[in-house]
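Visitor: A single structure is presented below for examination.
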Amino acid sequence: MKEHVLEKFFQPRSIAVVGASPKAKTIGNILVRNLLSENYPGKIYPINPNYEEILGVPAYPALSAIAAAVDLAVIAIPIKGVAEIIRECGRLQIPGAIIISAGGKEVGEAGQAIEAEIQEAAVAGNVRYLGPNCMGIICPHTNLNASFASQRAIPGSLALLSQSGAICSAALDWAAVEKIGFSHFVSIGSMADIDFGDMIDYLGNDHRAKSIIIYMENLTNHRKFMSAARSVSRVKPIIVVKSGRSEAAARAAASHTGAMAGQDDAYNALFRRAGIIRVDTIAQLFSCAEALGKMNRPLGGNLAIITNAGGPGVMAVDAFAKWDEEPVALSADTIAKLNEFLPPHWSHHNPIDILGDAPPERYLQALQVCLEAPEVSGVIVILSPQAMTDPTAVAQEIVEKLQAQAKPVFAVWMGAQEVAEGTRILNNGGIPTFMTPEMAVDAFMEMYSYTKNLQLLQETPPRSPREIQVNVKQARGFIDACLERQLQTLSEIEGKAILSAYGIPVNRTVAASSAAMAAKQAQDMGFPVVLKIHSYEISHKSEVEGVRTNLKSPEEVMAAYVDITSRAQRLRPDAKILGVTVHEQINFVHPELILGSRLDPHFGPLLLFGMGGILTEVYHDTAVVLPPLNMQLARRALHYPRIAKIFPGYRSLPPINEEVLAEMLVRLSQLVTDFAEIVELDINPLLIDLQGKPIAVDARLFLAPPKVPAPRHLIIAPYPNQYESSWLLKDGTPVKLRPIVPEDEDLVEGLLRSCSEETLYFRYFQRLKSFPHSFLVRFTQNDYDREIGLAAIGMPPGPEVMMGVGRLVMSPDRETAEFATIVADPWHGKGLGEKLIREVIKIAEDCGVKSLWGEILATNEPMLRLVSKMGFEVKAAVDGLRRVELVLNR
């Protein structure tokens, strides 16, 4: 496989330091000193024309003066000269650079121009670079410290990425005290080139990084980040603290949805969908980092609390409130075991108050009982300094007697000087320590959040009994007609017409340009009715008192028409009043809901759902999610807002039909996925009728010509229906070729069970005896930006069975891709294997892949003959495998 470009950053064989200096306390001096102090094993080339040697290492006047190959250039000169150094790197085929220099876009237009010149030089020379304005990188496992950090990092399993150099410095200082080690330590800077997505992709495949923590200020390539994070969070936790929660951009939004679906909500939606844990503070980030660096993550959320004082125990219980959780209820068996040695007046419940005179042995016994209890997933041990309790002795007892545990143990030694030695012992013993019970509870729950995220990411959605049908052609006709008339703000009737094309239920609505016409329309529709002002310029009708409800006669309708139109003309003389719209009145008892979408320039469409009505922006009980959605994701999204607690029924309120509501969310998701022209969409209110079914009774749409065609406006690749086709096997059996979806797990299992041991061995290079969910989910839940499994499914009149799969796995840059195929034994010899490979080749070419490769067992002669016939180059066997390659997009 092609070597990842970041290998040259974390494992370079040689480094040139441009701007190296013999002068103490300069960045150029510290960079060279740090490389030397870590005993970096590769070659170091200081670059400075004014010196012959720097810190005992021969110096060179320029990069071109080095006679050997250089893997990485670390640049610490004034930023105005960086572009020329990058050009020189390109000429000398130096593949990577770290730009320490500051003064880029953070200083304004002049800096932006410099960064643009650097980028142009890098692209022309095929140079990848980190920065500008960064501290550098540290990789303790390879003895690399290419930074100007004042502290060193010890080897460990935690990878840190930070946009702030100050946070990097603080993290190193904190880690030294807490004995936390790092696998990778990266000050990522301005991310003008290498960004979070690149780093996460690399770290996901590095076994030394067990977890990733990130200090984030912003993203530069949201789709790349999402793709990388969704892939890596399945195998290792990613924890983020995101600064900059406030914003002013939403104030100018035209709709309720636009005003409420803000940047921070978008980041929350992104992190949730990617399986990322978001924490609120730097302290929480460090706490999580310590816990992950020292302990296994909890497999459950059942926490036991051991304390020698009641107050700290109560504080720990209170800390659960924001998580909507409680400490675990102890079983009768656990309580009986604790009764055997605890004093009679212990609490007899969780928190386990072992009293203020607790000696080290009592702490240890209580801890051992809790760790053995099947209902307990983790333990927090709290010690409050008291005259009868020795903090140092208790810490020593726990560290000495407590062997490596599968369940996490957190320690809270409350105080400062009196507990300092005990805290030091615990840290040295690999037990994470926290200053307060709240910090320990938060760290535990954040770790458990990853376990829950993993379960959700790997959950298989049930197969839908029917396919959701939409009328794309009809909606396209309506939208094109509006854009041809240069309409950006649609009328309610036009908006509801588009919603109806996608099967979103709306109430009957007609336009009336006179009082008499309104009365006639109302009579035809049936009373009672609702009248609303009809004007393209008036978006929020309530602002001109432009709505009248419960009109029960022609006379009331005519009077309402005159009142509404005259009031609107008086309050908005600039608006063209077209008359009114007459609406079927929906009887409802539930609170009003809102459903909408806003097209964000970075995140794409943001779907919003929650409590609606005119006060929706006051209550702000809404959640934002990212399309595309399936029914399972939609069901989950319904329960993010607090108002969801009434959906099953509450007091006199009947249950809401959540399946229909979830389907409406899926249909809206499909609409904004298919049409990048939809800038904002607002269904407010969304009413629940007396049968519990949702109906859109108000709709506002705002359109604009798309900047990118659908579906490239999304940051999550939707289902690629362009790769669907029908085909016949050689014996005439009809099959449908389509990309695999998460609901296909049972079909995939059926395919594998139809394969012989030899067929499975030829595909997976190992003997497979079972197919657990954790194995199957790897093949059904694909990020279509990087992986597509093309399945052959039986069609009527035959059964719906999966006969074979061709798979394409692309590298993050899509330069190369791996392919594989499997056909179940009953369908061998019918031309399906060749068909699947040819279709995979077409998909690879469509995605811009330049080289397709695969590995085939040397004993799999039929497959080797097939790919050779199809033009693949077959390489010599290595360790029983033959690599095959096909050049594409010549």
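Every chain in the structure tokens has a letter given in the order shown (A, B, ...), and although residue numbers restart at 1 in each chain, ligands are simply numbered from 1 in the order shown.
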Can you list every residue in region 182-336 of chain A that DSSP puts in strand (DSSP E), as a ChimeraX atom specification?
Guide: /A:182-187,211-216,238-242,277-279,303-307
Visitor: Name the residues of region 465-526 of chain A that come out as alpha helix (DSSP H) in a backbone DSSP run; write them as a PyMOL selection string.
Guide: chain A and resi 472-484+492-501+515-525
Visitor: As an NGL selection string, please: the residues near region 420-428 of chain A (cut-off 6 Å, only C-alpha atoms, same-chain neighbours under 6 positions excluded).
Guide: :A and (178 or 391-392 or 395)
Visitor: Which residues of region 836-861 of chain A sit at most 12 Å from region 739-754 of chain A, using only C-alpha atoms? Give each one's shortest atom pair and distance in Å (one decimal place), in chain and ascending residue order, as a Markdown table.
Guide:
| residue | atom | partner | partner_atom | distance |
| --- | --- | --- | --- | --- |
| A:Leu836 | CA | A:Pro739 | CA | 11.4 |
| A:Glu839 | CA | A:Pro739 | CA | 11.0 |
| A:Val840 | CA | A:Pro739 | CA | 10.6 |
| A:Ile843 | CA | A:Pro739 | CA | 10.8 |
Visitor: For Asp264 (chain A), which residue out of A:Val624, A:Ala637, A:Ala858, A:Leu6 is the nearest one, using only C-alpha atoms?
Guide: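 Looking only at the distances to Asp264 (chain A), the closest residue turns out to be A:Val624.
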Visitor: Could you jot down the CA of Val582 (chain A) to CA of Gln521 (chain A) separation for me, Å, one decimal place?
Guide: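 Separation between CA of Val582 (chain A) and CA of Gln521 (chain A): 7.0 Å.
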Visitor: Find the spatial neighbours of Val510 (chain A), counting only C-alpha atoms, within a cut-off of 9 Å - ignore same-chain residues fewer than 3 positions away - and output them as number ranges by chain.
Guide: A: 493, 518, 521, 580-583
Visitor: Which residues are near region 537-553 of chain A? Cut-off 6 Å, only C-alpha atoms, ignore same chain within fewer than 4 positions. Put them as a list of chain:residue names.
Guide: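 The residues satisfying every condition are A:Phe527, A:Pro528, A:Val529, A:Val530, A:Leu531, A:Lys532, A:Ile533, A:Ile564, A:Ala568, A:Ala575.
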Visitor: Please produce an output containing N, CA, C and O atoms for each residue in the selection, written as an mmCIF file, in the first residue's frame.
Guide:
data_model
loop_
_atom_site.group_PDB
_atom_site.id
_atom_site.type_symbol
_atom_site.label_atom_id
_atom_site.label_comp_id
_atom_site.auth_asym_id
_atom_site.auth_seq_id
_atom_site.Cartn_x
_atom_site.Cartn_y
_atom_site.Cartn_z
ATOM 1 N N PHE A 527 -66.238 24.383 7.278
ATOM 2 C CA PHE A 527 -65.843 25.153 8.459
ATOM 3 C C PHE A 527 -65.509 24.206 9.619
ATOM 4 O O PHE A 527 -66.012 23.071 9.671
ATOM 5 N N PRO A 528 -64.707 24.679 10.584
ATOM 6 C CA PRO A 528 -64.034 25.985 10.647
ATOM 7 C C PRO A 528 -62.783 26.016 9.765
ATOM 8 O O PRO A 528 -62.240 24.984 9.403
ATOM 9 N N VAL A 529 -62.331 27.253 9.480
ATOM 10 C CA VAL A 529 -61.146 27.445 8.651
ATOM 11 C C VAL A 529 -60.218 28.454 9.316
ATOM 12 O O VAL A 529 -60.586 29.130 10.280
ATOM 13 N N VAL A 530 -59.032 28.554 8.735
ATOM 14 C CA VAL A 530 -58.019 29.522 9.176
ATOM 15 C C VAL A 530 -57.684 30.412 7.982
ATOM 16 O O VAL A 530 -57.566 29.930 6.854
ATOM 17 N N LEU A 531 -57.543 31.720 8.220
ATOM 18 C CA LEU A 531 -57.089 32.661 7.196
ATOM 19 C C LEU A 531 -55.715 33.201 7.577
ATOM 20 O O LEU A 531 -55.473 33.524 8.754
ATOM 21 N N LYS A 532 -54.822 33.312 6.563
ATOM 22 C CA LYS A 532 -53.492 33.872 6.789
ATOM 23 C C LYS A 532 -53.202 34.890 5.693
ATOM 24 O O LYS A 532 -53.653 34.731 4.547
ATOM 25 N N ILE A 533 -52.454 35.904 6.042
ATOM 26 C CA ILE A 533 -52.057 36.903 5.062
ATOM 27 C C ILE A 533 -51.213 36.241 3.973
ATOM 28 O O ILE A 533 -50.401 35.343 4.257
ATOM 29 N N ILE A 564 -57.469 41.426 8.081
ATOM 30 C CA ILE A 564 -56.088 40.953 7.890
ATOM 31 C C ILE A 564 -55.371 41.785 6.834
ATOM 32 O O ILE A 564 -54.243 42.250 7.048
ATOM 33 N N ALA A 568 -52.257 44.445 7.467
ATOM 34 C CA ALA A 568 -50.960 44.173 6.861
ATOM 35 C C ALA A 568 -50.489 45.341 6.008
ATOM 36 O O ALA A 568 -49.314 45.713 6.015
ATOM 37 N N ALA A 575 -44.849 45.911 1.570
ATOM 38 C CA ALA A 575 -45.155 44.552 1.125
ATOM 39 C C ALA A 575 -46.300 44.548 0.119
ATOM 40 O O ALA A 575 -47.276 45.279 0.258
#
Visitor: Looking at A:Asp574, A:Gly103, A:Met199, A:Arg152, which one is nearest to Leu130 (chain A), with distances taken over only C-alpha atoms?
Guide: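 So, comparing all the options, the nearest one is A:Met199.
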Visitor: Quick one: distance from CA of Ile793 (chain A) to CA of Phe775 (chain A) in Å, one decimal?
Guide: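 Pair CA of Ile793 (chain A) / CA of Phe775 (chain A) returns 20.5 Å.
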Visitor: Got a sec: who's within 7 Å of region 86-102 of chain A, counting only C-alpha atoms, leaving out chain neighbours fewer than 3 positions off, as a list of chain:residue names?
Guide: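 Answer for this query is A:Lys8, A:Phe9, A:Val70, A:Asp71, A:Leu72, A:Ala73, A:Val74, A:Ile75, A:Ala76, A:Ile77, A:Pro78, A:Ile79, A:Val82, A:Ala83, A:Ile118, A:Ala121, A:Ala122, A:Gly125, A:Asn126, A:Val127, A:Arg128, A:Tyr129, A:Leu130, A:Gly131, A:Pro132, A:Asn133, A:Cys134, A:Met135, A:Gly136.
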Visitor: For CA of Ala497 (chain A) and CA of Ala475 (chain A), quote the distance in Å rounded to one decimal.
Guide: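 These atoms are spaced 7.9 Å apart.
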Visitor: For a quick check of understanding, using only C-alpha atoms, which of A:Leu737, A:Ile788, A:Val376, A:Leu499 has the smallest distance to Ser669 (chain A)?
Guide: A:Leu499
Visitor: Nearest to Pro655 (chain A) among A:Cys139, A:Ala116, A:Leu690, A:Ile683, with distances taken over only C-alpha atoms: which residue is it?
Guide: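 Checking each candidate against Pro655 (chain A), we get A:Leu690 as the closest.
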Visitor: Can you work out which one of A:Ala175, A:Val472, A:Ala209, A:Phe10 has the shortest atom-to-atom distance to Asn143 (chain A), counting only C-alpha atoms?
Guide: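 Result for the nearest residue to Asn143 (chain A): A:Phe10.
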Visitor: Pick out the residues sitting within 12 Å of Asp201 (chain A), and hand them over as a list in words; count only C-alpha atoms, and ignore anything fewer than 6 positions along from it in its own chain.
Guide: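 Here the qualifying residues turn out to be His4, Val5, Leu6, Glu7, Ile194, Asp195, Ala209, Ile212, Lys224, Phe225, Met226, Ser227, Ala228, Ala229, Arg230, Ser231, Val232, Ser233, Val235, Lys236, Ile238, Arg786, Ser811, Pro812 and Asp813 of chain A.
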